[in-house]
file query36.pdb (PDB, C-alpha atoms, pLDDT in the B column)
ATOM      1  CA  MET K   1      57.846 213.054-150.645  1.00 44.00           C
ATOM      2  CA  ALA K   2      57.339 209.369-151.355  1.00 51.00           C
ATOM      3  CA  ARG K   3      53.997 207.686-150.926  1.00 51.00           C
ATOM      4  CA  ASP K   4      55.495 205.470-148.197  1.00 53.00           C
ATOM      5  CA  ASP K   5      56.126 208.574-146.061  1.00 49.00           C
ATOM      6  CA  PHE K   6      52.378 208.924-145.405  1.00 50.00           C
ATOM      7  CA  ALA K   7      50.081 206.833-143.265  1.00 53.00           C
ATOM      8  CA  ALA K   8      47.896 204.737-145.590  1.00 56.00           C
ATOM      9  CA  PHE K   9      44.810 206.865-145.027  1.00 61.00           C
ATOM     10  CA  ASP K  10      46.751 210.132-145.447  1.00 69.00           C
ATOM     11  CA  ALA K  11      48.497 209.130-148.665  1.00 73.00           C
ATOM     12  CA  PRO K  12      47.493 211.126-151.718  1.00 86.00           C
ATOM     13  CA  LEU K  13      45.730 209.076-154.349  1.00 89.00           C
ATOM     14  CA  GLN K  14      47.821 208.217-157.389  1.00 93.00           C
ATOM     15  CA  ASN K  15      46.432 208.153-160.939  1.00 95.00           C
ATOM     16  CA  GLU K  16      45.795 204.400-160.827  1.00 95.00           C
ATOM     17  CA  ASP K  17      43.945 204.816-157.507  1.00 95.00           C
ATOM     18  CA  ILE K  18      41.722 207.507-158.985  1.00 96.00           C
ATOM     19  CA  VAL K  19      40.943 205.330-162.002  1.00 97.00           C
ATOM     20  CA  ILE K  20      39.761 202.508-159.723  1.00 96.00           C
ATOM     21  CA  CYS K  21      37.707 204.831-157.509  1.00 96.00           C
ATOM     22  CA  LYS K  22      36.112 206.499-160.545  1.00 97.00           C
ATOM     23  CA  ARG K  23      35.214 203.151-162.089  1.00 96.00           C
ATOM     24  CA  VAL K  24      33.576 202.029-158.828  1.00 96.00           C
ATOM     25  CA  PHE K  25      31.769 205.378-158.532  1.00 95.00           C
ATOM     26  CA  ASP K  26      30.431 205.194-162.104  1.00 95.00           C
ATOM     27  CA  HIS K  27      29.302 201.588-161.689  1.00 93.00           C
ATOM     28  CA  ILE K  28      27.473 202.201-158.410  1.00 92.00           C
ATOM     29  CA  CYS K  29      25.836 205.404-159.698  1.00 91.00           C
ATOM     30  CA  SER K  30      24.621 203.481-162.728  1.00 91.00           C
ATOM     31  CA  THR K  31      23.338 200.375-160.950  1.00 88.00           C
ATOM     32  CA  GLU K  32      21.823 202.231-157.989  1.00 86.00           C
ATOM     33  CA  HIS K  33      20.519 205.170-160.076  1.00 87.00           C
ATOM     34  CA  ILE K  34      22.324 207.737-157.951  1.00 86.00           C
ATOM     35  CA  THR K  35      22.046 211.179-159.532  1.00 88.00           C
ATOM     36  CA  GLY K  36      21.682 213.877-156.873  1.00 91.00           C
ATOM     37  CA  ASP K  37      24.689 216.039-156.020  1.00 93.00           C
ATOM     38  CA  ASP K  38      24.474 215.256-152.292  1.00 93.00           C
ATOM     39  CA  ALA K  39      24.157 211.514-152.892  1.00 90.00           C
ATOM     40  CA  CYS K  40      27.043 211.549-155.384  1.00 92.00           C
ATOM     41  CA  ASP K  41      29.226 213.536-152.977  1.00 94.00           C
ATOM     42  CA  GLU K  42      28.452 211.104-150.156  1.00 93.00           C
ATOM     43  CA  LEU K  43      29.240 208.102-152.353  1.00 93.00           C
ATOM     44  CA  ALA K  44      32.528 209.624-153.531  1.00 95.00           C
ATOM     45  CA  THR K  45      33.495 210.356-149.928  1.00 95.00           C
ATOM     46  CA  GLN K  46      32.745 206.779-148.883  1.00 95.00           C
ATOM     47  CA  ILE K  47      34.689 205.317-151.807  1.00 96.00           C
ATOM     48  CA  ILE K  48      37.781 207.372-151.034  1.00 94.00           C
ATOM     49  CA  TYR K  49      37.507 206.689-147.290  1.00 93.00           C
ATOM     50  CA  PHE K  50      37.331 202.912-147.697  1.00 95.00           C
ATOM     51  CA  TYR K  51      39.974 202.912-150.428  1.00 94.00           C
ATOM     52  CA  GLN K  52      42.420 204.854-148.275  1.00 92.00           C
ATOM     53  CA  HIS K  53      41.694 202.530-145.363  1.00 91.00           C
ATOM     54  CA  GLY K  54      42.735 199.458-147.280  1.00 92.00           C
ATOM     55  CA  VAL K  55      39.825 198.314-149.446  1.00 94.00           C
ATOM     56  CA  THR K  56      41.681 198.666-152.740  1.00 93.00           C
ATOM     57  CA  ASN K  57      40.236 195.711-154.628  1.00 95.00           C
ATOM     58  CA  GLU K  58      37.559 197.002-157.005  1.00 95.00           C
ATOM     59  CA  ASP K  59      35.090 194.152-156.435  1.00 95.00           C
ATOM     60  CA  SER K  60      35.543 194.250-152.664  1.00 95.00           C
ATOM     61  CA  LEU K  61      35.005 197.998-152.638  1.00 96.00           C
ATOM     62  CA  GLU K  62      31.769 197.686-154.622  1.00 94.00           C
ATOM     63  CA  GLN K  63      30.489 194.894-152.362  1.00 93.00           C
ATOM     64  CA  LEU K  64      31.286 196.876-149.220  1.00 93.00           C
ATOM     65  CA  LEU K  65      29.563 199.990-150.518  1.00 91.00           C
ATOM     66  CA  ALA K  66      26.512 197.953-151.540  1.00 84.00           C
ATOM     67  CA  ARG K  67      26.254 196.620-147.973  1.00 83.00           C
ATOM     68  CA  VAL K  68      26.634 200.129-146.551  1.00 79.00           C
ATOM     69  CA  ALA K  69      23.946 201.445-148.923  1.00 74.00           C
ATOM     70  CA  ASN K  70      21.555 198.644-147.947  1.00 67.00           C
ATOM     71  CA  LYS K  71      21.982 199.460-144.251  1.00 69.00           C
ATOM     72  CA  GLN K  72      21.312 203.159-144.881  1.00 65.00           C
ATOM     73  CA  ARG K  73      18.069 202.563-146.803  1.00 62.00           C
ATOM     74  CA  PRO K  74      14.904 203.055-144.788  1.00 59.00           C
ATOM     75  CA  THR K  75      12.912 199.878-144.162  1.00 55.00           C
TER      76      THR K  75
END

call {"tool": "encode", "arguments": {"input": "query36.pdb", "output": "structure tokens"}}
result
Amino acid sequence: MARDDFAAFDAPLQNEDIVICKRVFDHICSTEHITGDDACDELATQIIYFYQHGVTNEDSLEQLLARVANKQRPT
């Protein structure tokens, strides 16, 4: 089945997609000091969600996730 046969958010990630998502994950974990399993799982879920919903530019994805993280932090 070709990738075009899926809706964008249902499409399986290809190797190049995974490389981008992993690079974003590693960078955010490093800069935000994210180490806990639950926090890492949540971050990975958010990265894949936004990526599959069209945020495929690495810089844009990092900026979006930074904004989401800032909103989730207690004041």

call {"tool": "residues_near_point", "arguments": {"input": "query36.pdb", "point": "(34.9, 207.6, -160.9)", "cutoff": "12 Å", "atoms": "only C-alpha atoms", "output": "list in words"}}
result
Asn15, Glu16, Asp17, Ile18, Val19, Ile20, Cys21, Lys22, Arg23, Val24, Phe25, Asp26, His27, Ile28, Cys29, Ser30, Cys40, Asp41, Leu43, Ala44, Thr45, Ile47, Ile48 and Glu58 of chain K

call {"tool": "atom_distance", "arguments": {"input": "query36.pdb", "atom1": "CA of Glu62 in chain K", "atom2": "CA of Asp38 in chain K"}}
result
19.2 Å

call {"tool": "resolve_selection", "arguments": {"input": "query36.pdb", "expression": "the PyMOL selection byres ((chain K and resi 52) around 9)", "output": "list of chain:residue names"}}
result
K:Ala8, K:Phe9, K:Asp10, K:Ala11, K:Pro12, K:Leu13, K:Ile47, K:Ile48, K:Tyr49, K:Phe50, K:Tyr51, K:His53, K:Gly54, K:Val55, K:Thr56

call {"tool": "atom_distance", "arguments": {"input": "query36.pdb", "atom1": "CA of Glu42 in chain K", "atom2": "CA of Asp59 in chain K"}}
result
19.3 Å

call {"tool": "atom_distance", "arguments": {"input": "query36.pdb", "atom1": "CA of Asn57 in chain K", "atom2": "CA of His33 in chain K"}}
result
22.5 Å

call {"tool": "axis_aligned_box", "arguments": {"input": "query36.pdb", "around": "range 32-36 of chain K", "padding_each_side": "3 Å", "output": "JSON"}}
result
{"center_x": 21.4, "center_y": 208.1, "center_z": -158.5, "size_x": 7.8, "size_y": 17.6, "size_z": 9.2}

call {"tool": "decode", "arguments": {"input": "query36.pdb", "residues": "range 48-61 of chain K", "atoms": "all heavy atoms", "output": "PDB file, in the first residue's frame"}}
result
ATOM      1  N   ILE K  48       5.132  12.924  17.425  1.00  0.00           N
ATOM      2  CA  ILE K  48       4.527  12.131  16.352  1.00  0.00           C
ATOM      3  C   ILE K  48       3.166  12.697  15.960  1.00  0.00           C
ATOM      4  O   ILE K  48       2.838  12.789  14.772  1.00  0.00           O
ATOM      5  CB  ILE K  48       4.439  10.651  16.757  1.00  0.00           C
ATOM      6  CG1 ILE K  48       5.851  10.068  16.838  1.00  0.00           C
ATOM      7  CG2 ILE K  48       3.579   9.862  15.781  1.00  0.00           C
ATOM      8  CD1 ILE K  48       5.937   8.704  17.465  1.00  0.00           C
ATOM      9  N   TYR K  49       2.368  13.104  16.944  1.00  0.00           N
ATOM     10  CA  TYR K  49       1.050  13.672  16.656  1.00  0.00           C
ATOM     11  C   TYR K  49       1.174  14.897  15.743  1.00  0.00           C
ATOM     12  O   TYR K  49       0.523  14.975  14.695  1.00  0.00           O
ATOM     13  CB  TYR K  49       0.340  14.044  17.955  1.00  0.00           C
ATOM     14  CG  TYR K  49      -0.961  14.758  17.717  1.00  0.00           C
ATOM     15  CD1 TYR K  49      -2.132  14.038  17.481  1.00  0.00           C
ATOM     16  CD2 TYR K  49      -1.030  16.148  17.695  1.00  0.00           C
ATOM     17  CE1 TYR K  49      -3.333  14.685  17.236  1.00  0.00           C
ATOM     18  CE2 TYR K  49      -2.227  16.797  17.447  1.00  0.00           C
ATOM     19  CZ  TYR K  49      -3.364  16.070  17.212  1.00  0.00           C
ATOM     20  OH  TYR K  49      -4.556  16.711  16.955  1.00  0.00           O
ATOM     21  N   PHE K  50       2.000  15.855  16.149  1.00  0.00           N
ATOM     22  CA  PHE K  50       2.131  17.082  15.364  1.00  0.00           C
ATOM     23  C   PHE K  50       2.767  16.803  14.011  1.00  0.00           C
ATOM     24  O   PHE K  50       2.382  17.405  13.013  1.00  0.00           O
ATOM     25  CB  PHE K  50       2.920  18.146  16.123  1.00  0.00           C
ATOM     26  CG  PHE K  50       2.155  18.743  17.279  1.00  0.00           C
ATOM     27  CD1 PHE K  50       2.679  18.718  18.564  1.00  0.00           C
ATOM     28  CD2 PHE K  50       0.912  19.317  17.085  1.00  0.00           C
ATOM     29  CE1 PHE K  50       1.976  19.259  19.626  1.00  0.00           C
ATOM     30  CE2 PHE K  50       0.194  19.865  18.144  1.00  0.00           C
ATOM     31  CZ  PHE K  50       0.737  19.834  19.420  1.00  0.00           C
ATOM     32  N   TYR K  51       3.729  15.894  13.965  1.00  0.00           N
ATOM     33  CA  TYR K  51       4.369  15.554  12.701  1.00  0.00           C
ATOM     34  C   TYR K  51       3.352  14.965  11.734  1.00  0.00           C
ATOM     35  O   TYR K  51       3.272  15.364  10.578  1.00  0.00           O
ATOM     36  CB  TYR K  51       5.528  14.575  12.936  1.00  0.00           C
ATOM     37  CG  TYR K  51       6.400  14.391  11.724  1.00  0.00           C
ATOM     38  CD1 TYR K  51       7.501  15.206  11.515  1.00  0.00           C
ATOM     39  CD2 TYR K  51       6.107  13.427  10.772  1.00  0.00           C
ATOM     40  CE1 TYR K  51       8.302  15.063  10.390  1.00  0.00           C
ATOM     41  CE2 TYR K  51       6.899  13.272   9.645  1.00  0.00           C
ATOM     42  CZ  TYR K  51       7.987  14.097   9.453  1.00  0.00           C
ATOM     43  OH  TYR K  51       8.770  13.957   8.337  1.00  0.00           O
ATOM     44  N   GLN K  52       2.552  14.030  12.210  1.00  0.00           N
ATOM     45  CA  GLN K  52       1.554  13.401  11.350  1.00  0.00           C
ATOM     46  C   GLN K  52       0.435  14.353  10.958  1.00  0.00           C
ATOM     47  O   GLN K  52      -0.270  14.110   9.989  1.00  0.00           O
ATOM     48  CB  GLN K  52       0.973  12.159  12.020  1.00  0.00           C
ATOM     49  CG  GLN K  52       1.949  11.009  12.058  1.00  0.00           C
ATOM     50  CD  GLN K  52       1.358   9.768  12.684  1.00  0.00           C
ATOM     51  OE1 GLN K  52       0.672   9.837  13.708  1.00  0.00           O
ATOM     52  NE2 GLN K  52       1.608   8.634  12.066  1.00  0.00           N
ATOM     53  N   HIS K  53       0.267  15.429  11.711  1.00  0.00           N
ATOM     54  CA  HIS K  53      -0.758  16.411  11.386  1.00  0.00           C
ATOM     55  C   HIS K  53      -0.193  17.609  10.636  1.00  0.00           C
ATOM     56  O   HIS K  53      -0.813  18.666  10.591  1.00  0.00           O
ATOM     57  CB  HIS K  53      -1.505  16.830  12.655  1.00  0.00           C
ATOM     58  CG  HIS K  53      -2.478  15.793  13.114  1.00  0.00           C
ATOM     59  ND1 HIS K  53      -2.087  14.706  13.866  1.00  0.00           N
ATOM     60  CD2 HIS K  53      -3.799  15.649  12.902  1.00  0.00           C
ATOM     61  CE1 HIS K  53      -3.143  13.951  14.099  1.00  0.00           C
ATOM     62  NE2 HIS K  53      -4.190  14.491  13.528  1.00  0.00           N
ATOM     63  N   GLY K  54       0.991  17.431  10.056  1.00  0.00           N
ATOM     64  CA  GLY K  54       1.476  18.420   9.113  1.00  0.00           C
ATOM     65  C   GLY K  54       2.655  19.265   9.522  1.00  0.00           C
ATOM     66  O   GLY K  54       3.180  20.017   8.702  1.00  0.00           O
ATOM     67  N   VAL K  55       3.085  19.210  10.774  1.00  0.00           N
ATOM     68  CA  VAL K  55       4.239  20.007  11.190  1.00  0.00           C
ATOM     69  C   VAL K  55       5.487  19.150  10.952  1.00  0.00           C
ATOM     70  O   VAL K  55       5.966  18.459  11.843  1.00  0.00           O
ATOM     71  CB  VAL K  55       4.141  20.439  12.669  1.00  0.00           C
ATOM     72  CG1 VAL K  55       5.289  21.382  13.033  1.00  0.00           C
ATOM     73  CG2 VAL K  55       2.803  21.105  12.947  1.00  0.00           C
ATOM     74  N   THR K  56       5.986  19.185   9.722  1.00  0.00           N
ATOM     75  CA  THR K  56       7.087  18.310   9.339  1.00  0.00           C
ATOM     76  C   THR K  56       8.429  19.032   9.248  1.00  0.00           C
ATOM     77  O   THR K  56       9.456  18.382   9.080  1.00  0.00           O
ATOM     78  CB  THR K  56       6.790  17.612   7.998  1.00  0.00           C
ATOM     79  OG1 THR K  56       6.552  18.613   7.003  1.00  0.00           O
ATOM     80  CG2 THR K  56       5.583  16.704   8.110  1.00  0.00           C
ATOM     81  N   ASN K  57       8.419  20.336   9.388  1.00  0.00           N
ATOM     82  CA  ASN K  57       9.665  21.092   9.407  1.00  0.00           C
ATOM     83  C   ASN K  57      10.261  20.982  10.806  1.00  0.00           C
ATOM     84  O   ASN K  57       9.587  21.246  11.807  1.00  0.00           O
ATOM     85  CB  ASN K  57       9.403  22.550   9.042  1.00  0.00           C
ATOM     86  CG  ASN K  57      10.644  23.396   9.136  1.00  0.00           C
ATOM     87  OD1 ASN K  57      11.000  23.844  10.231  1.00  0.00           O
ATOM     88  ND2 ASN K  57      11.292  23.616   8.017  1.00  0.00           N
ATOM     89  N   GLU K  58      11.518  20.594  10.883  1.00  0.00           N
ATOM     90  CA  GLU K  58      12.172  20.334  12.168  1.00  0.00           C
ATOM     91  C   GLU K  58      12.138  21.546  13.100  1.00  0.00           C
ATOM     92  O   GLU K  58      11.784  21.428  14.278  1.00  0.00           O
ATOM     93  CB  GLU K  58      13.613  19.911  11.898  1.00  0.00           C
ATOM     94  CG  GLU K  58      14.264  19.194  13.019  1.00  0.00           C
ATOM     95  CD  GLU K  58      15.565  18.540  12.598  1.00  0.00           C
ATOM     96  OE1 GLU K  58      15.708  18.124  11.436  1.00  0.00           O
ATOM     97  OE2 GLU K  58      16.446  18.445  13.467  1.00  0.00           O
ATOM     98  N   ASP K  59      12.498  22.710  12.592  1.00  0.00           N
ATOM     99  CA  ASP K  59      12.503  23.920  13.422  1.00  0.00           C
ATOM    100  C   ASP K  59      11.098  24.285  13.887  1.00  0.00           C
ATOM    101  O   ASP K  59      10.891  24.645  15.050  1.00  0.00           O
ATOM    102  CB  ASP K  59      13.128  25.096  12.673  1.00  0.00           C
ATOM    103  CG  ASP K  59      14.621  24.911  12.444  1.00  0.00           C
ATOM    104  OD1 ASP K  59      15.279  24.218  13.244  1.00  0.00           O
ATOM    105  OD2 ASP K  59      15.130  25.459  11.443  1.00  0.00           O
ATOM    106  N   SER K  60      10.138  24.186  12.995  1.00  0.00           N
ATOM    107  CA  SER K  60       8.749  24.501  13.350  1.00  0.00           C
ATOM    108  C   SER K  60       8.229  23.543  14.419  1.00  0.00           C
ATOM    109  O   SER K  60       7.531  23.950  15.345  1.00  0.00           O
ATOM    110  CB  SER K  60       7.848  24.423  12.118  1.00  0.00           C
ATOM    111  OG  SER K  60       8.234  25.385  11.174  1.00  0.00           O
ATOM    112  N   LEU K  61       8.584  22.291  14.287  1.00  0.00           N
ATOM    113  CA  LEU K  61       8.156  21.284  15.258  1.00  0.00           C
ATOM    114  C   LEU K  61       8.741  21.589  16.637  1.00  0.00           C
ATOM    115  O   LEU K  61       8.030  21.553  17.642  1.00  0.00           O
ATOM    116  CB  LEU K  61       8.584  19.900  14.772  1.00  0.00           C
ATOM    117  CG  LEU K  61       8.043  18.681  15.493  1.00  0.00           C
ATOM    118  CD1 LEU K  61       6.523  18.683  15.551  1.00  0.00           C
ATOM    119  CD2 LEU K  61       8.535  17.407  14.805  1.00  0.00           C
TER     120      LEU K  61
END
